[in-house]
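Novice: My questions all concern the structure below.
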Amino acid sequence: MPWMGIQDLWTFVIAVLVFLALPGPGTFTLLTATGRGGVRGGYTALFGLLLGDQILMWLAVAGVAALLKANPLVFHAVQYLGAAYLVWVGIGLLRPAPASGDTGGIRLQPGHYFRQAVLISLLNPKAIIFYMAFLPLFIDPARHQGVVTFATMATLIFVLSLAYCSALIGVGNLLRRRIIQHPRVGVVLKRVAGVFLIGFGVRLGLSG
């Protein structure tokens, strides 16, 4: 039964947590800020990342809402494309990464963690494409409540991000050393996330 217009609520929550656990620029930004500025530096960067992420999310929401209002049939087609997109991203995560000397470190200037984190988040245009593909998968066109549904999804993502990243900040230095000094940790996390994404895409595509 959809809740606030969100279908498969628990799948939505699990999917968000899987994405949060996937190492990326935001993760390394947070770990670097924590390693250099302690808990205060970590949370300063975190709120910058959250602000940038919310801006990108609501830009995507504007596009999704317009599409849903204009043509429900096209919206259903977008849901199937979104499911296919998740499968495609998942397959990409299972592929071996090209050899590189880049350890994933992020260069941050002390005292400017918030501003730099906002820019790192906003300078990731793929995030809008991701949200455009991801959000429609969990919207029930027959029971959605417009802005209320989108706001609920955005709030859930914010709360889950805050909780997960708070735990990450708590063990920031340890995790940063493990991921950077042992690349296999990041590889395992990516492959696990890839399997989950393929599973989510297939399940949501079949249920649509």
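The way I read the labels, and the way they are meant: chains A, B, ... in the order of the structure tokens, residue 1 as the first residue of every chain, and ligand 1 as the first ligand shown, with later ones counted on from there.
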Excluding Ile120 (chain A) and its own-chain neighbours fewer than 5 positions away, which residues fall within 9 Å of it when counting only C-alpha atoms? Please give them as a ChimeraX atom specification.

Specialist: /A:25-26,29,48-49,52,115

Novice: What would the file look like if the residues just selected were written as a compact mmCIF listing (two decimals), in the first residue's frame with N, CA, C and O atoms?

Specialist:
```
# COMPACT_ATOMS: atom_id res chain seq x y z
N PRO A 25 32.63 10.92 -4.82
CA PRO A 25 33.21 12.22 -4.44
C PRO A 25 32.69 12.74 -3.10
O PRO A 25 33.45 13.29 -2.31
N GLY A 26 31.38 12.57 -2.84
CA GLY A 26 30.81 13.04 -1.59
C GLY A 26 31.40 12.31 -0.39
O GLY A 26 31.72 12.92 0.64
N THR A 29 34.96 13.45 0.11
CA THR A 29 34.95 14.82 0.63
C THR A 29 34.70 14.81 2.13
O THR A 29 35.39 15.50 2.89
N GLY A 48 27.22 21.08 3.68
CA GLY A 48 27.44 21.58 2.32
C GLY A 48 26.99 20.57 1.28
O GLY A 48 26.32 20.92 0.30
N LEU A 49 27.34 19.31 1.50
CA LEU A 49 26.92 18.24 0.58
C LEU A 49 25.41 18.09 0.56
O LEU A 49 24.80 17.92 -0.50
N GLY A 52 23.78 21.03 -1.42
CA GLY A 52 23.94 20.83 -2.86
C GLY A 52 23.07 19.71 -3.39
O GLY A 52 22.46 19.83 -4.45
N ARG A 115 31.70 25.53 1.69
CA ARG A 115 31.61 26.06 0.34
C ARG A 115 32.12 25.05 -0.69
O ARG A 115 31.50 24.85 -1.74
```

Novice: Give me the residues near Thr34 (chain A) as a PyMOL selection string, where near means some atom within 9 Å (using only C-alpha atoms) and where sequence neighbours in that chain fewer than 5 positions away do not count.

Specialist: chain A and resi 29+39-43+45+169-173

Novice: Tell me which of A:Leu137, A:Leu122, A:Ala142, A:Leu59 sits closest to Leu81 (chain A), counting only C-alpha atoms.

Specialist: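 Among A:Leu137, A:Leu122, A:Ala142, A:Leu59, it is A:Leu137 that comes nearest to Leu81 (chain A).
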
Novice: Residues at most 12 Å from Leu156 (chain A), counting only C-alpha atoms, excluding those fewer than 2 positions away in the same chain, as a ChimeraX atom specification?

Specialist: /A:4,6,9-10,12-17,54,149-154,158-163
